[in-house]
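Structure file final05.txt (compact mmCIF, C-alpha atoms (C1' of nucleotides)) follows.
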```
# COMPACT_ATOMS: atom_id res chain seq x y z
CA MET A 1 -29.41 -23.64 2.43
CA ASN A 2 -26.70 -23.12 -0.16
CA ILE A 3 -23.37 -21.53 0.69
CA SER A 4 -24.46 -18.04 -0.35
CA GLU A 5 -27.52 -18.20 1.90
CA ILE A 6 -25.46 -19.42 4.83
CA LEU A 7 -22.91 -16.63 4.32
CA THR A 8 -25.64 -14.00 4.01
CA GLU A 9 -27.38 -15.18 7.16
CA TRP A 10 -24.06 -15.14 9.03
CA TYR A 11 -23.30 -11.68 7.60
CA GLU A 12 -26.51 -10.08 8.80
CA ILE A 13 -25.60 -11.09 12.34
CA HIS A 14 -21.85 -10.42 12.38
CA LYS A 15 -21.19 -7.59 9.93
CA ARG A 16 -19.17 -4.65 11.16
CA ASN A 17 -20.44 -1.13 10.93
CA LEU A 18 -18.03 0.52 8.48
CA PRO A 19 -18.10 4.07 7.05
CA TRP A 20 -18.48 2.80 3.47
CA ARG A 21 -20.93 0.00 4.29
CA GLY A 22 -24.19 0.36 2.42
CA ILE A 23 -22.95 3.28 0.36
CA GLU A 24 -24.11 3.16 -3.28
CA ASN A 25 -22.30 6.20 -4.64
CA PRO A 26 -19.71 4.69 -6.99
CA TYR A 27 -17.22 7.47 -6.24
CA PHE A 28 -17.21 6.69 -2.52
CA ILE A 29 -17.10 2.96 -3.23
CA TRP A 30 -14.12 3.50 -5.51
CA ILE A 31 -12.24 5.60 -2.94
CA SER A 32 -12.79 3.01 -0.24
CA GLU A 33 -11.75 0.12 -2.47
CA ILE A 34 -8.49 1.77 -3.53
CA ILE A 35 -7.65 2.68 0.06
CA LEU A 36 -8.38 -0.85 1.24
CA GLN A 37 -6.23 -2.62 -1.36
CA GLN A 38 -3.73 -4.70 0.65
CA THR A 39 -4.68 -2.64 3.67
CA ARG A 40 -6.54 -3.48 6.86
CA VAL A 41 -9.79 -1.76 7.67
CA SER A 42 -8.37 -0.27 10.86
CA GLN A 43 -5.50 1.27 8.92
CA GLY A 44 -7.61 2.70 6.10
CA TRP A 45 -10.55 3.99 8.14
CA ASN A 46 -9.24 7.49 8.91
CA TYR A 47 -7.78 7.94 5.45
CA TYR A 48 -11.21 7.25 3.97
CA GLU A 49 -12.79 9.88 6.23
CA LYS A 50 -10.08 12.39 5.33
CA PHE A 51 -10.44 11.72 1.61
CA ILE A 52 -14.20 12.06 1.29
CA SER A 53 -14.11 15.12 3.51
CA ARG A 54 -11.45 16.90 1.46
CA PHE A 55 -12.63 15.48 -1.89
CA PRO A 56 -16.41 15.05 -1.58
CA ASP A 57 -16.85 14.38 -5.30
CA ILE A 58 -14.85 13.39 -8.33
CA SER A 59 -14.25 16.92 -9.58
CA ALA A 60 -12.83 17.98 -6.22
CA LEU A 61 -10.31 15.16 -6.50
CA ALA A 62 -9.60 15.80 -10.17
CA ASN A 63 -8.94 19.49 -9.57
CA ALA A 64 -6.48 18.92 -6.74
CA SER A 65 -2.73 18.67 -7.30
CA GLU A 66 -1.03 15.30 -7.16
CA ASP A 67 1.16 16.61 -4.35
CA GLU A 68 -1.90 17.29 -2.23
CA VAL A 69 -3.38 13.87 -2.94
CA LEU A 70 -0.09 12.24 -1.96
CA LEU A 71 0.07 14.36 1.19
CA LEU A 72 -3.34 13.08 2.22
CA TRP A 73 -2.16 9.56 1.39
CA GLN A 74 1.10 9.95 3.36
CA GLY A 75 1.76 7.01 5.64
CA LEU A 76 -0.66 4.62 3.95
CA GLY A 77 1.87 3.02 1.61
CA TYR A 78 1.67 1.75 -1.97
CA TYR A 79 1.68 5.31 -3.24
CA SER A 80 0.95 4.36 -6.85
CA ARG A 81 -2.62 3.89 -5.60
CA ALA A 82 -2.82 7.62 -4.84
CA ARG A 83 -1.21 8.62 -8.12
CA ASN A 84 -3.56 6.37 -10.10
CA LEU A 85 -6.56 7.54 -8.08
CA HIS A 86 -5.83 11.12 -9.00
CA HIS A 87 -5.08 10.28 -12.63
CA THR A 88 -8.32 8.34 -12.99
CA ALA A 89 -10.39 11.11 -11.38
CA LYS A 90 -9.08 13.52 -13.98
CA HIS A 91 -9.75 10.99 -16.72
CA ILE A 92 -13.36 10.43 -15.66
CA LEU A 93 -14.00 14.15 -15.40
CA LYS A 94 -12.48 14.85 -18.81
CA TYR A 95 -13.71 11.91 -20.87
CA PHE A 96 -16.87 10.77 -19.07
CA ASN A 97 -18.10 14.19 -18.00
CA GLY A 98 -17.58 13.21 -14.37
CA ILE A 99 -20.03 10.29 -14.62
CA PHE A 100 -18.63 7.12 -13.10
CA PRO A 101 -18.53 4.25 -15.65
CA ASN A 102 -20.81 1.30 -14.94
CA ARG A 103 -19.46 -1.20 -17.48
CA TYR A 104 -16.71 -3.73 -16.74
CA GLU A 105 -14.93 -3.11 -20.04
CA THR A 106 -14.68 0.59 -19.25
CA LEU A 107 -13.73 0.28 -15.60
CA ILE A 108 -10.98 -2.27 -16.18
CA LYS A 109 -9.12 0.13 -18.46
CA LEU A 110 -8.86 2.81 -15.76
CA LYS A 111 -5.56 3.10 -13.93
CA GLY A 112 -5.61 1.47 -10.53
CA ILE A 113 -8.79 -0.51 -11.21
CA GLY A 114 -8.17 -4.22 -11.71
CA GLU A 115 -10.46 -7.21 -11.76
CA TYR A 116 -11.28 -7.08 -8.06
CA THR A 117 -11.98 -3.35 -7.82
CA ALA A 118 -14.06 -3.34 -11.00
CA ALA A 119 -16.21 -6.17 -9.61
CA ALA A 120 -16.53 -4.40 -6.26
CA ILE A 121 -17.74 -1.16 -7.87
CA LEU A 122 -20.09 -2.98 -10.25
CA SER A 123 -21.69 -5.08 -7.54
CA PHE A 124 -21.76 -2.61 -4.63
CA ALA A 125 -22.76 0.51 -6.54
CA PHE A 126 -24.61 -0.85 -9.56
CA LYS A 127 -25.87 -4.23 -8.23
CA LYS A 128 -24.37 -6.06 -11.19
CA PRO A 129 -23.52 -9.77 -10.83
CA PHE A 130 -19.70 -9.74 -10.78
CA PRO A 131 -17.92 -11.91 -8.19
CA VAL A 132 -15.19 -10.24 -6.14
CA VAL A 133 -12.08 -12.26 -5.40
CA ASP A 134 -9.88 -10.60 -2.79
CA GLY A 135 -7.62 -12.19 -0.19
CA ASN A 136 -10.60 -13.05 1.99
CA VAL A 137 -12.60 -14.70 -0.79
CA ASN A 138 -9.48 -16.53 -1.91
CA ARG A 139 -9.13 -18.07 1.52
CA VAL A 140 -12.80 -18.96 2.01
CA ILE A 141 -13.12 -20.57 -1.43
CA SER A 142 -9.80 -22.41 -1.43
CA ARG A 143 -10.54 -23.92 1.99
CA PHE A 144 -14.19 -24.73 1.37
CA PHE A 145 -13.50 -26.42 -1.97
CA GLY A 146 -10.14 -27.86 -0.90
CA VAL A 147 -7.88 -26.08 -3.40
CA THR A 148 -4.40 -27.15 -2.31
CA GLU A 149 -2.30 -25.61 -5.10
CA PRO A 150 -0.69 -22.19 -4.50
CA VAL A 151 -3.43 -19.62 -4.97
CA ASP A 152 -1.01 -17.07 -6.45
CA LEU A 153 -0.50 -19.17 -9.61
CA PRO A 154 -2.46 -17.72 -12.56
CA ASP A 155 -4.22 -21.00 -13.37
CA VAL A 156 -5.31 -21.48 -9.78
CA ARG A 157 -6.57 -17.90 -9.64
CA LYS A 158 -8.76 -18.62 -12.65
CA LYS A 159 -10.05 -21.75 -10.99
CA ILE A 160 -10.99 -19.86 -7.83
CA TYR A 161 -12.63 -17.11 -9.86
CA ILE A 162 -14.87 -19.70 -11.52
CA LEU A 163 -15.78 -21.19 -8.14
CA ALA A 164 -16.56 -17.69 -6.83
CA LYS A 165 -18.72 -17.01 -9.87
CA ASN A 166 -20.56 -20.31 -9.42
CA ILE A 167 -21.65 -19.56 -5.87
CA LEU A 168 -22.52 -15.90 -6.52
CA ASN A 169 -26.08 -14.86 -5.75
CA GLU A 170 -26.80 -12.94 -8.93
CA LYS A 171 -29.91 -11.34 -7.50
CA LYS A 172 -28.05 -9.82 -4.57
CA PRO A 173 -24.44 -9.63 -5.70
CA ASP A 174 -23.73 -6.69 -3.38
CA ILE A 175 -24.84 -8.49 -0.23
CA HIS A 176 -23.28 -11.78 -1.32
CA ASN A 177 -19.89 -10.22 -2.08
CA GLN A 178 -19.73 -8.26 1.13
CA ALA A 179 -20.86 -11.31 3.07
CA ILE A 180 -18.13 -13.61 1.78
CA MET A 181 -15.43 -10.97 2.26
CA GLU A 182 -16.60 -10.20 5.79
CA PHE A 183 -16.72 -13.92 6.50
CA GLY A 184 -13.09 -14.26 5.44
CA ALA A 185 -12.07 -11.24 7.47
CA LEU A 186 -13.79 -12.28 10.71
CA GLN A 187 -14.50 -16.03 10.68
CA CYS A 188 -12.33 -17.83 8.13
CA VAL A 189 -9.20 -15.98 9.27
CA PRO A 190 -5.66 -16.91 8.18
CA GLN A 191 -4.38 -18.15 11.53
CA ASN A 192 -6.29 -20.30 14.04
CA PRO A 193 -9.78 -19.98 12.56
CA ASP A 194 -12.58 -21.03 14.90
CA CYS A 195 -13.70 -24.02 12.82
CA ALA A 196 -15.60 -25.49 15.78
CA ASN A 197 -18.10 -22.63 15.46
CA CYS A 198 -18.23 -22.22 11.70
CA PRO A 199 -21.51 -22.33 9.75
CA LEU A 200 -19.68 -23.78 6.74
CA GLN A 201 -18.00 -26.57 8.67
CA SER A 202 -20.11 -29.46 7.37
CA GLY A 203 -19.36 -28.67 3.72
CA CYS A 204 -15.75 -27.52 4.12
CA VAL A 205 -13.27 -29.81 2.35
CA ALA A 206 -10.26 -28.38 4.19
CA PHE A 207 -11.93 -29.03 7.54
CA SER A 208 -12.89 -32.60 6.66
CA LYS A 209 -9.35 -33.31 5.50
CA ASN A 210 -7.85 -31.51 8.50
CA CYS A 211 -5.74 -29.19 6.36
CA VAL A 212 -7.29 -25.80 7.07
CA GLU A 213 -3.95 -24.35 8.20
CA LYS A 214 -2.27 -25.41 4.94
CA ILE A 215 -4.78 -23.56 2.75
CA PRO A 216 -4.48 -21.18 1.03
CA ALA A 217 -1.01 -22.35 -0.07
CA LYS A 218 1.39 -19.71 -1.36
CA LYS A 219 4.47 -19.80 -3.53
CA PRO A 220 7.77 -19.47 -1.65
CA LYS A 221 8.78 -15.87 -1.11
CA LYS A 222 11.79 -14.10 -2.51
CA GLU A 223 14.44 -12.99 -0.11
CA VAL A 224 14.32 -9.32 0.90
CA GLU A 225 17.06 -7.03 -0.36
CA ASN A 226 19.03 -4.86 2.06
CA ARG A 227 19.58 -1.22 1.16
CA TYR A 228 21.66 1.40 2.94
CA PHE A 229 20.47 5.00 3.03
CA HIS A 230 22.27 8.06 4.38
CA TYR A 231 19.96 11.06 4.67
CA PHE A 232 21.18 14.60 5.25
CA PHE A 233 18.89 16.87 7.19
CA VAL A 234 20.63 20.06 6.14
CA LYS A 235 20.02 23.26 8.04
CA GLN A 236 20.97 26.63 6.68
CA ASN A 237 19.47 29.55 8.56
CA GLU A 238 15.83 28.51 8.99
CA LYS A 239 15.80 26.45 5.83
CA THR A 240 16.38 22.91 4.66
CA PHE A 241 16.61 20.99 1.40
CA ILE A 242 14.37 18.34 -0.10
CA ARG A 243 13.75 16.73 -3.48
CA LYS A 244 11.06 14.73 -5.19
CA ARG A 245 11.78 11.05 -5.87
CA GLN A 246 11.05 10.50 -9.56
CA GLU A 247 12.86 7.27 -10.30
CA SER A 248 11.03 4.02 -10.84
CA ASP A 249 11.63 2.93 -7.28
CA ILE A 250 9.96 2.98 -3.90
CA TRP A 251 8.21 6.15 -2.75
CA ARG A 252 7.85 7.58 -6.26
CA ASN A 253 6.83 11.27 -6.26
CA LEU A 254 7.29 11.58 -2.51
CA TYR A 255 9.81 14.03 -1.07
CA GLU A 256 13.00 13.27 0.82
CA PHE A 257 16.20 14.82 2.13
CA PRO A 258 19.44 14.70 0.12
CA LEU A 259 20.31 11.02 0.01
CA LEU A 260 23.38 8.88 -0.50
CA GLU A 261 22.69 5.21 -1.08
CA THR A 262 25.54 2.75 -0.71
CA GLU A 263 26.01 -0.92 -1.52
CA LYS A 264 27.27 -1.70 1.96
CA ASN A 265 26.57 -0.33 5.39
CA LEU A 266 29.26 2.35 5.51
CA SER A 267 30.31 4.02 8.74
CA GLU A 268 30.08 7.79 9.26
CA THR A 269 33.78 8.15 8.53
CA GLU A 270 33.54 6.18 5.33
CA ILE A 271 30.61 8.35 4.22
CA PHE A 272 32.49 11.57 4.88
CA ASP A 273 35.46 10.21 2.90
CA SER A 274 33.39 9.07 -0.08
CA GLN A 275 33.43 10.82 -3.46
CA GLU A 276 29.64 10.98 -3.43
CA PHE A 277 29.64 12.91 -0.17
CA LYS A 278 32.25 15.33 -1.48
CA LYS A 279 30.11 15.96 -4.51
CA LEU A 280 27.23 16.98 -2.24
CA PHE A 281 29.37 18.97 0.18
CA PRO A 282 32.61 20.01 -1.52
CA ASP A 283 33.61 22.51 1.12
CA PHE A 284 33.87 20.72 4.43
CA SER A 285 34.89 23.90 6.27
CA LYS A 286 31.40 25.33 5.85
CA PHE A 287 29.85 22.24 7.30
CA THR A 288 29.03 21.40 10.92
CA ILE A 289 27.73 18.10 12.20
CA LEU A 290 24.94 18.66 14.71
CA ASN A 291 23.85 15.07 15.19
CA ILE A 292 24.16 11.61 13.69
CA SER A 293 21.36 9.16 14.36
CA GLN A 294 21.57 5.48 15.11
CA ILE A 295 20.91 3.14 12.23
CA ILE A 296 17.15 2.97 11.76
CA GLU A 297 15.69 -0.16 10.19
CA HIS A 298 12.68 0.25 7.95
CA GLN A 299 11.00 -2.92 6.68
CA LEU A 300 9.20 -3.02 3.35
CA THR A 301 7.70 -6.05 1.65
CA HIS A 302 10.73 -6.80 -0.54
CA GLN A 303 13.36 -4.56 1.00
CA LYS A 304 14.89 -3.74 4.33
CA ILE A 305 16.33 -0.26 4.52
CA PHE A 306 19.09 0.62 6.97
CA THR A 307 19.22 4.37 7.39
CA ARG A 308 21.37 6.86 9.22
CA PHE A 309 20.24 10.49 9.45
CA TYR A 310 22.88 13.20 9.52
CA GLU A 311 21.72 16.49 10.95
CA ILE A 312 24.11 19.12 9.71
CA SER A 313 24.38 22.86 9.56
CA LEU A 314 25.73 24.81 6.62
CA SER A 315 27.30 28.20 7.00
CA GLN A 316 25.59 31.07 5.26
CA ASN A 317 28.15 31.32 2.49
CA PHE A 318 27.79 27.70 1.39
CA ALA A 319 26.42 28.12 -2.11
CA ASN A 320 27.15 24.94 -4.06
CA SER A 321 25.30 25.29 -7.34
CA TYR A 322 24.78 21.52 -7.58
CA PHE A 323 22.86 21.64 -4.34
CA PHE A 324 20.62 24.51 -5.25
CA GLU A 325 19.91 23.10 -8.69
CA ASN A 326 18.92 19.68 -7.47
CA PHE A 327 17.10 20.40 -4.25
CA LYS A 328 14.17 22.53 -3.23
CA ASN A 329 15.07 25.02 -0.52
CA ILE A 330 12.22 25.30 1.97
CA ASP A 331 11.52 26.55 5.49
CA PHE A 332 11.52 23.91 8.24
CA ALA A 333 7.86 24.56 8.88
CA GLU A 334 7.02 23.83 5.27
CA ILE A 335 8.11 20.19 5.45
CA SER A 336 4.65 19.16 6.60
CA ASP A 337 3.28 20.49 3.30
CA PHE A 338 5.11 17.76 1.40
CA ALA A 339 4.37 14.05 1.34
CA VAL A 340 7.32 12.13 2.78
CA PRO A 341 7.92 8.43 3.42
CA LYS A 342 7.05 7.09 6.86
CA LEU A 343 10.75 6.65 7.53
CA ILE A 344 11.28 10.41 7.27
CA GLU A 345 8.01 11.28 8.99
CA ASN A 346 9.11 9.19 11.97
CA TYR A 347 12.51 10.84 12.05
CA LEU A 348 11.01 14.31 11.98
CA LYS A 349 8.82 13.49 14.96
CA ASN A 350 11.93 13.06 17.09
C1' DG B 1 4.32 -13.78 -15.78
C1' DA B 2 7.34 -12.96 -12.08
C1' DA B 3 8.77 -9.01 -9.60
C1' DT B 4 7.56 -4.86 -7.39
C1' DC B 5 5.10 -1.48 -4.77
C1' DG B 6 4.38 0.37 2.12
C1' DT B 7 2.88 0.05 6.40
C1' DG B 8 1.10 -1.90 10.65
C1' DG B 9 -0.65 -5.49 13.68
C1' DC B 10 -0.34 -9.83 15.54
C1' DA B 11 1.34 -14.48 17.10
C1' DT C 1 12.61 -11.21 16.58
C1' DT C 2 10.62 -12.84 12.60
C1' DG C 3 7.14 -14.12 9.42
C1' DC C 4 2.62 -13.54 7.79
C1' DC C 5 -0.47 -10.83 5.26
C1' DA C 6 -4.20 -7.33 4.65
C1' DA C 7 -11.20 -5.07 0.35
C1' DG C 8 -4.54 -5.87 -5.49
C1' DA C 9 -2.56 -3.53 -9.57
C1' DT C 10 1.10 -2.68 -12.63
C1' DT C 11 5.00 -3.61 -15.56
```
In C-alpha cells, what does this structure look like?
Amino acid sequence: MNISEILTEWYEIHKRNLPWRGIENPYFIWISEIILQQTRVSQGWNYYEKFISRFPDISALANASEDEVLLLWQGLGYYSRARNLHHTAKHILKYFNGIFPNRYETLIKLKGIGEYTAAAILSFAFKKPFPVVDGNVNRVISRFFGVTEPVDLPDVRKKIYILAKNILNEKKPDIHNQAIMEFGALQCVPQNPDCANCPLQSGCVAFSKNCVEKIPAKKPKKEVENRYFHYFFVKQNEKTFIRKRQESDIWRNLYEFPLLETEKNLSETEIFDSQEFKKLFPDFSKFTILNISQIIEHQLTHQKIFTRFYEISLSQNFANSYFFENFKNIDFAEISDFAVPKLIENYLKN
DNA sequence: GAATCGTGGCA
DNA sequence: TTGCCAAGATT
C-alpha cells in the first residue's frame, strides 16, 4: 500500500463524526474552513452550528450587517475572519449571482480564502485534485519525509506543498485530504505521538532517525509586547458608553468601553492625575468611583494586555461634549447586542 | 517576507 | 506558570 492508501484505511476506522464531515455544499464547507482556521474543532463546533443556523445560505449571510456577523463570531478570535467572511459573501452574491466559484484562480482572489482554504473547498465540495496543507499536513509530511528545516520558511513550505501534491490521491482528493488532516490531528500529534502504534512507522524518516519530537521545526518566536489598558465602565442613569475600535490594531470593529492606554503600568492615582484622564473626565466633582478591579491579564499571541477596569458613576449633569461625540450612549442591557472582546465579555460576567 | 491577528486547552 | 499551537490569511 502507498501512503495515501494507508492513511485512507486508517481514516475509515478512526475518523471523528463532525458536523461538516461529508458535506458537499461549498457554502457550508467554506464556513467551516474559515471558522477552523487556527482553531481547534472543539472550539469551533458551536460557532459552526450557530452560523449555519442563522445564515443557512450565502444570501442570508450577505444581507446581514457586519455587526451581527461579528456578534455571532464574538469570542472566537481572529476577527478579520468574520469581516472577510461577510465581505466575501456579499461579493459572491453581487458578482457571481450567489453561485460559489469552483475555480482556484477565482477562489484565491476572495478575501479570507488563501491557498489552504481554496484547496479545501475545491477538493471537499468539487472533488478537484488540490492538496491541502494545514498544520496537520505540515507535521505529517515533514516527519514522514524527514524535513528538518523550519516549516514556516517560504522555501520549505513550497517543498512540503510539492510532497503533499505528490502523494495526493487524485481520484479521491476529498477523502485523501481529510484522511491526512485527521491523521495529523489524532495520530501524528505535536507532543508525544504514539509512534509505537502508527501505521506509517516503517516508512517514517523522523521515526527511523529518532527525531520525531524535533519535527516540524519552527523559527524562533518574537517576544510578546506588554500593553496597559484602563477601561472605564461609565454609568449614568441606566446607560453606559461604548465605541467601535476602528484602528488597525487588535479587535478591529469590535466595541469597547472608553479606554486609556499607557506605556507603563500606571497606578489608579497616576491615572486620575494624567492629562488623558482629565480630557475624558474634566469635571471630577461629577464623578464617583464605584469600583476598581484588580489588574486582569489577557494573553494574545503577540501581546500581553494588563487591564484595570474602573466602574464609575457620572452625575446627571455631566455633559462633556467630547464624550458624547466620541462614544455611543446605550442602555446596560444593550451591551449584549454588540460584539466585544473576550476581555470585556469576561469582565461583564462578573 | 516578516509581522500581525484571539482564544482556549494541555503538559 | 509558561510555552506550544490549533482545518491560515493578510499586509
task = Pull out every residue of chain A that has at least one atom within 10 Å of chain B, counting only C-alpha atoms (C1' of nucleotides), and report them as a PyMOL selection string.
result = chain A and resi 38-40+42-43+75-81+153-154+191+222+249-252+298-302+341-342
Grab all the atoms of chain C that the file lists, wrap them in a box along x, y and z, add 5 Å per side, and give me centre plus edge lengths in Å (one decimal) as JSON.
```
{"center_x": 0.7, "center_y": -8.4, "center_z": 0.5, "size_x": 33.8, "size_y": 21.4, "size_z": 42.1}
```
request  = List the neighbours of region 2-11 of chain C out to 9 Å using all atoms listed in the file; skip same-chain residues closer than 6 positions along the sequence, and give me the result as a PyMOL selection string.
outcome  = (chain A and resi 32-41+81+111-117+120+134-136+181+190) or (chain B and resi 3-5)
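Rounded to one decimal, CA of Trp20 (chain A) and CA of His87 (chain A) lie 22.2 Å from each other.
Of the residues listed (A:Glu24, A:Glu225, A:Glu12, A:Glu297), A:Glu297 shows the shortest atom-to-atom separation from Leu343 (chain A); distances use only C-alpha atoms.
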message = Neighbouring residues of Asn326 (chain A) were defined as those with any atom within 9 Å, considering all atoms listed in the file; residues of the same chain fewer than 5 positions away were excluded. Please report them as a list in words.
response = Ile242, Arg243 and Ser321 of chain A
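By chain and then residue number, the residues within 10 Å of Lys209 (chain A) are Gly146, Cys204 and Val205 of chain A, counting all atoms listed in the file and disregarding those fewer than 4 positions away in sequence.
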ask   = Which residues come within 10 Å of Ile6 (chain A), counting all atoms listed in the file, excluding same-chain residues fewer than 6 positions away, as a PyMOL selection string?
value = chain A and resi 179-180+199-200
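Going from CA of Phe183 (chain A) over to CA of Asn17 (chain A), you cover 14.0 Å.
Taking CA of Glu268 (chain A) as the reference point, CA of Lys349 (chain A) is found at 22.7 Å.
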request  = Kindly indicate which residue among A:Lys328, A:Lys279, A:Lys109, A:His230 lies nearest to chain C, using all atoms listed in the file for the distances.
outcome  = A:Lys109
inquiry  = Considering only C-alpha atoms (C1' of nucleotides), can you say which of A:Ile121, A:Ile167, A:Ile335, A:Val156 comes closest to chain C?
reply    = A:Ile121
